[in-house]
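K.L.:
Here it is: the structure, laid out below.
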Amino acid sequence: MQIHANHKEILNGKTTDIYFQRAEEILKKEKKNPEVTAEVWAKKLPDNYKWAIFAGLSEAIELFKNKKINIIGLPEGSILLEKEPVLTIKGKYLDFAKFETPLLGYICQASGISTKTARCKIMAENRIVLSFGARRMHPSLTPVIDRYAYLGGADGVSAILSAEKLKIKPQGTIPHAVILIIGDTAEAALAYDRAVGKAVPRIILVDTFGDEKIESLRLAEKLKNRLDAVRIDTPSSRRGNLAQIIRETRAELDNKGFNNVGIFVSGGLDEYRLKELNPYSEGYGIGTSLSNAPTINFSLDIVEIDGKSITKKGKISGEKKVLECNRCGERKIVFVKDNKTNCICGNEMGLLTKKIMEKGQPVGETETIDIIRNRVLRELRFLDV
Ligand SMILES: [Zn+2]
């Protein structure tokens, strides 16, 4: 049984809310189909975020291909702030009305996942962050979740199909099940060492039966320099002080000369937990908090009809644009008609948005995921959580 919508159904507007179909029926009957300008923006970011990453655009613009639509907006992977228009859509209203629902669906979830990952990446302070969240969401979304985690700065993903689509190697160890079936962590580690190719890192779970510190030492002694890292995934009921468990394990490994054995941590992590674990960890597997990241709640609002400024209560009419000062980083939302705008520092501000689509055709080269991801990683150097 397949329940999830396929690409064709999405592009045909079948996943849209019924009220857009009603809007089409009414306006067609009334012979009204004006030129409108609509802006996509996030009024408020979740959890008091100061910024978010704009993601999902490459998928979303497929909706408007070969339609008489022009789009201006932030490049995918850009930083966005509350209230900034990230996309400006221009065209006959009936040419895009029914795509509002899927457009927002694409960018709200993608931006939410990329933003959460970027926050984890910042808090991990150059340590490895892997996306482990596939199991918490519908499997048809697995490559979607991992794409946007990777775009947001994740160093790798655990799911096979996601890794294939990203053209990277999937990352992971072995499940607790193998250790349970073999009956001993060290024996399971030796079996793993015998079974998998040399290129696969030897990272072994150490929380199945015994104490994490003792098991780590036992593994290091058995596998010697072939052991790359241990992974601590201790259940919350046994954690007590997780940072203390990792600190002890690190100290004991170092004390016995196993300084090269890293420690990976997973299980219920989010950006707020990482700071205290950083001194002892080499990397993190982060699951639910990435795949179930709060969405960035964009909305789409008409701001002009047939060239006249108009909008609903609570919004500001007239087409706007986002400027940034390349000297001090200050950003500002101004009306498109405002020409030269100076920053509070005196510098002239530059435009952040660019042409994304003209008459239904994408403008410029299609950006690869790595180009977009590198844009994110460059931005992250200047941001905090
Ligand atoms: Zn400035």
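To be explicit about the labels: the chains of the structure tokens are called A, B, and onward in the order shown, and within each one the residues are counted from 1, while ligands get numbers from 1 in the order they are shown.
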Let me have all residues with an atom within 10 Å of ligand 1, counting only C-alpha atoms and all ligand atoms, laid out as a ChimeraX atom specification.
P.N.:
/A:324-331,342-349
K.L.:
If you count only C-alpha atoms, which residues fall within 10 Å of stretch 365-375 of chain A, apart from same-chain ones fewer than 3 positions away, as a PyMOL selection string?
P.N.:
chain A and resi 55+58+75-79+114+147-154+166+362+378-380
K.L.:
So that I can see what lies close to A:Ile305, please list as a VMD selection string the residues with an atom at most 9 Å from it, counting only C-alpha atoms and leaving out residues fewer than 6 positions away in the same chain.
P.N.:
chain A and resid 34 to 38 311
K.L.:
Could you take the residues named above and write them with N, CA, C and O atoms, as a compact mmCIF listing (two decimals), in the first residue's frame?
P.N.:
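Output saved as again-v4.txt:
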# COMPACT_ATOMS: atom_id res chain seq x y z
N PRO A 34 -5.78 38.83 -11.60
CA PRO A 34 -4.84 39.95 -11.69
C PRO A 34 -3.38 39.51 -11.56
O PRO A 34 -3.10 38.40 -11.13
N GLU A 35 -2.48 40.44 -11.93
CA GLU A 35 -1.04 40.28 -11.66
C GLU A 35 -0.84 40.55 -10.18
O GLU A 35 -1.26 41.59 -9.67
N VAL A 36 -0.25 39.64 -9.48
CA VAL A 36 -0.02 39.88 -8.05
C VAL A 36 1.46 39.70 -7.71
O VAL A 36 2.20 39.02 -8.41
N THR A 37 1.83 40.35 -6.64
CA THR A 37 3.15 40.12 -6.04
C THR A 37 2.90 39.54 -4.66
O THR A 37 2.13 40.12 -3.87
N ALA A 38 3.50 38.39 -4.40
CA ALA A 38 3.31 37.75 -3.09
C ALA A 38 4.68 37.55 -2.45
O ALA A 38 5.66 37.27 -3.15
N THR A 311 -2.52 44.62 1.28
CA THR A 311 -2.27 43.37 2.01
C THR A 311 -3.28 43.23 3.12
O THR A 311 -4.10 44.12 3.36
K.L.:
So which residues touch A:Ala199 within 12 Å, counting only C-alpha atoms, skipping near sequence neighbours fewer than 5 positions away, as a tab-separated table (two decimals) with N, CA and C atoms, in the first residue's frame?
P.N.:
chain	number	residue	atom	x	y	z
A	169	LYS	N	29.26	8.31	1.55
A	169	LYS	CA	29.17	6.97	2.15
A	169	LYS	C	28.28	7.02	3.39
A	171	GLN	N	27.04	6.27	7.10
A	171	GLN	CA	27.87	6.10	8.30
A	171	GLN	C	27.09	5.38	9.38
A	193	ASP	N	35.12	-6.79	12.99
A	193	ASP	CA	36.45	-6.56	12.43
A	193	ASP	C	36.77	-7.57	11.33
A	226	ARG	N	43.40	-1.22	15.82
A	226	ARG	CA	42.34	-1.29	14.81
A	226	ARG	C	41.04	-0.63	15.30
A	228	ASP	N	38.82	2.26	16.10
A	228	ASP	CA	38.81	3.71	15.82
A	228	ASP	C	38.11	4.50	16.93
K.L.:
Give me every strand (DSSP E) residue in stretch 19-256 of chain A, going by DSSP on the backbone, as a VMD selection string.
P.N.:
chain A and resid 35 to 42 52 to 53 69 to 73 79 to 80 85 to 92 128 to 131 156 to 157 203 to 205 229 to 232
K.L.:
Determine, counting only C-alpha atoms, which protein, DNA and RNA residues have an atom within 8 Å of an atom of stretch 354-358 of chain A; residues of the same chain fewer than 6 positions away are not included. Present the result as JSON, numbers by chain.
P.N.:
{"A": [61, 68, 69, 70, 71, 72, 73, 74, 75, 364]}
K.L.:
Once you have the residues from the selection above, write them out as a PDB file, in the first residue's frame, restricted to N, CA and C atoms.
P.N.:
ATOM      1  N   ILE A  61      10.978  25.134  -6.478  1.00  0.00           N
ATOM      2  CA  ILE A  61      10.783  25.886  -7.740  1.00  0.00           C
ATOM      3  C   ILE A  61      10.283  24.987  -8.882  1.00  0.00           C
ATOM      4  N   LYS A  68       3.996  31.149 -16.154  1.00  0.00           N
ATOM      5  CA  LYS A  68       4.441  32.550 -16.353  1.00  0.00           C
ATOM      6  C   LYS A  68       4.678  33.208 -15.006  1.00  0.00           C
ATOM      7  N   ILE A  69       5.716  32.739 -14.328  1.00  0.00           N
ATOM      8  CA  ILE A  69       5.980  33.194 -12.959  1.00  0.00           C
ATOM      9  C   ILE A  69       7.415  33.711 -12.876  1.00  0.00           C
ATOM     10  N   ASN A  70       7.590  34.849 -12.215  1.00  0.00           N
ATOM     11  CA  ASN A  70       8.941  35.345 -11.904  1.00  0.00           C
ATOM     12  C   ASN A  70       9.148  35.237 -10.391  1.00  0.00           C
ATOM     13  N   ILE A  71      10.330  34.808 -10.013  1.00  0.00           N
ATOM     14  CA  ILE A  71      10.625  34.687  -8.571  1.00  0.00           C
ATOM     15  C   ILE A  71      11.974  35.328  -8.266  1.00  0.00           C
ATOM     16  N   ILE A  72      11.969  36.127  -7.213  1.00  0.00           N
ATOM     17  CA  ILE A  72      13.205  36.710  -6.684  1.00  0.00           C
ATOM     18  C   ILE A  72      13.342  36.165  -5.263  1.00  0.00           C
ATOM     19  N   GLY A  73      14.550  35.931  -4.806  1.00  0.00           N
ATOM     20  CA  GLY A  73      14.645  35.449  -3.429  1.00  0.00           C
ATOM     21  C   GLY A  73      16.067  35.253  -2.957  1.00  0.00           C
ATOM     22  N   LEU A  74      16.188  34.784  -1.728  1.00  0.00           N
ATOM     23  CA  LEU A  74      17.498  34.465  -1.162  1.00  0.00           C
ATOM     24  C   LEU A  74      17.985  33.161  -1.792  1.00  0.00           C
ATOM     25  N   PRO A  75      19.266  33.044  -2.078  1.00  0.00           N
ATOM     26  CA  PRO A  75      19.777  31.756  -2.547  1.00  0.00           C
ATOM     27  C   PRO A  75      19.582  30.684  -1.478  1.00  0.00           C
ATOM     28  N   GLY A 364      20.223  31.132 -14.073  1.00  0.00           N
ATOM     29  CA  GLY A 364      21.581  30.747 -13.655  1.00  0.00           C
ATOM     30  C   GLY A 364      21.747  29.238 -13.564  1.00  0.00           C
TER      31      GLY A 364
END
K.L.:
Leaving out A:Tyr284 and any residue of its chain fewer than 5 positions from it, which residues lie within 8 Å of it when counting only C-alpha atoms, given as a VMD selection string?
P.N.:
chain A and resid 127 to 130 264 to 266
K.L.:
Using DSSP secondary structure from the backbone, list all alpha helix (DSSP H) positions within stretch 273-306 of chain A, as a list in words.
P.N.:
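So the alpha helix (DSSP H) residues in stretch 273-306 of chain A would be Arg273, Leu274, Lys275, Glu276, Leu277, Thr288, Ser289, Leu290 and Ser291 of chain A.
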K.L.:
So that I can check the surroundings of A:Ile107, please list as a list in words every protein, DNA and RNA residue that reaches within 9 Å of it, counting only C-alpha atoms and ignoring chain neighbours fewer than 5 positions away.
P.N.:
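These residues fall inside the cut-off: Phe54, Ala55, Gly56, Leu57, Glu59, Ala60, Pro102, Gly112, Thr295, Ile296, Asn297 and Phe298 of chain A.
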K.L.:
Let me make sure I understand: among A:Ser158, A:Gly360, A:Val334, A:Ile203, which one has the smallest atom-to-atom distance to A:Glu282 if we use only C-alpha atoms?
P.N.:
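Going through A:Ser158, A:Gly360, A:Val334, A:Ile203 one by one, the smallest distance to A:Glu282 is for A:Ile203.
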K.L.:
To one decimal place, how far is atom CA of A:Leu377 from atom CA of A:Ala118 in Å?
P.N.:
8.2 Å
